[in-house]
Amino acid sequence: MARTVPTPAQPKGPGQVTVADIQEYTDYYTDFRNPGREAARESFCPHGYRLTDSCPNCPSC
Ligand SMILES: [Zn+2]
């Protein structure tokens, strides 16, 4: 059985994902099996890091 990943009601597109989105829907936006990861990869935190990369200044991105 595939595990159910909480999915945002209105998933953000590329460049629209925020750190708060990552924190609320971590699996959806970081798991490569989900379309959300592609959106997160094209989005940046306030420090200029891709949200799929590790940022030393953000707790979970
Ligand atoms: Zn950051």
# chains A, B, ... in the order shown; residues from 1 in each chain; ligands from 1
>>> closest_atom_pairs(of="chain A", to="ligand 1", cutoff="7 Å", atoms="only C-alpha atoms and all ligand atoms", output="Markdown table")
| residue | atom | partner | partner_atom_place_in_ligand_line | distance |
| --- | --- | --- | --- | --- |
| A:Cys45 | CA | ligand 1 | 1 (Zn) | 4.7 |
| A:Pro46 | CA | ligand 1 | 1 (Zn) | 5.5 |
| A:His47 | CA | ligand 1 | 1 (Zn) | 4.4 |
| A:Gly48 | CA | ligand 1 | 1 (Zn) | 6.6 |
| A:Tyr49 | CA | ligand 1 | 1 (Zn) | 5.9 |
| A:Cys55 | CA | ligand 1 | 1 (Zn) | 4.7 |
| A:Pro56 | CA | ligand 1 | 1 (Zn) | 6.5 |
| A:Asn57 | CA | ligand 1 | 1 (Zn) | 4.7 |
| A:Cys58 | CA | ligand 1 | 1 (Zn) | 4.2 |
| A:Cys61 | CA | ligand 1 | 1 (Zn) | 6.6 |
>>> residues_around(residues="stretch 38-42 of chain A", least_positions_apart="2", cutoff="12 Å", atoms="only C-alpha atoms", output="PyMOL selection string")
chain A and resi 11-23+25-36+44-45+48-54+61
>>> select_by_dssp(residues="chain A", states="alpha helix (DSSP H)", output="PDB file with C-alpha atoms, in the first residue's frame")
ATOM      1  CA  VAL A  19       9.275  27.974   3.379  1.00  0.00           C
ATOM      2  CA  ALA A  20       5.959  27.832   5.230  1.00  0.00           C
ATOM      3  CA  ASP A  21       4.559  25.564   2.510  1.00  0.00           C
ATOM      4  CA  ILE A  22       7.520  23.238   2.912  1.00  0.00           C
ATOM      5  CA  GLN A  23       6.998  23.100   6.655  1.00  0.00           C
ATOM      6  CA  GLU A  24       3.293  22.345   6.340  1.00  0.00           C
ATOM      7  CA  THR A  26       7.072  18.630   3.733  1.00  0.00           C
ATOM      8  CA  ASP A  27       6.437  15.298   2.029  1.00  0.00           C
ATOM      9  CA  TYR A  28       4.476  16.752  -0.845  1.00  0.00           C
ATOM     10  CA  TYR A  29       7.079  19.382  -1.688  1.00  0.00           C
ATOM     11  CA  THR A  30      10.241  17.390  -1.078  1.00  0.00           C
ATOM     12  CA  PRO A  35       4.845  17.025  -8.545  1.00  0.00           C
ATOM     13  CA  GLY A  36       5.293  19.451  -5.669  1.00  0.00           C
ATOM     14  CA  ARG A  37       9.022  18.760  -5.595  1.00  0.00           C
ATOM     15  CA  GLU A  38       9.466  20.224  -9.057  1.00  0.00           C
ATOM     16  CA  ALA A  39       7.631  23.354  -7.937  1.00  0.00           C
ATOM     17  CA  ALA A  40       9.772  23.582  -4.812  1.00  0.00           C
ATOM     18  CA  ARG A  41      12.952  23.098  -6.812  1.00  0.00           C
TER      19      ARG A  41
END
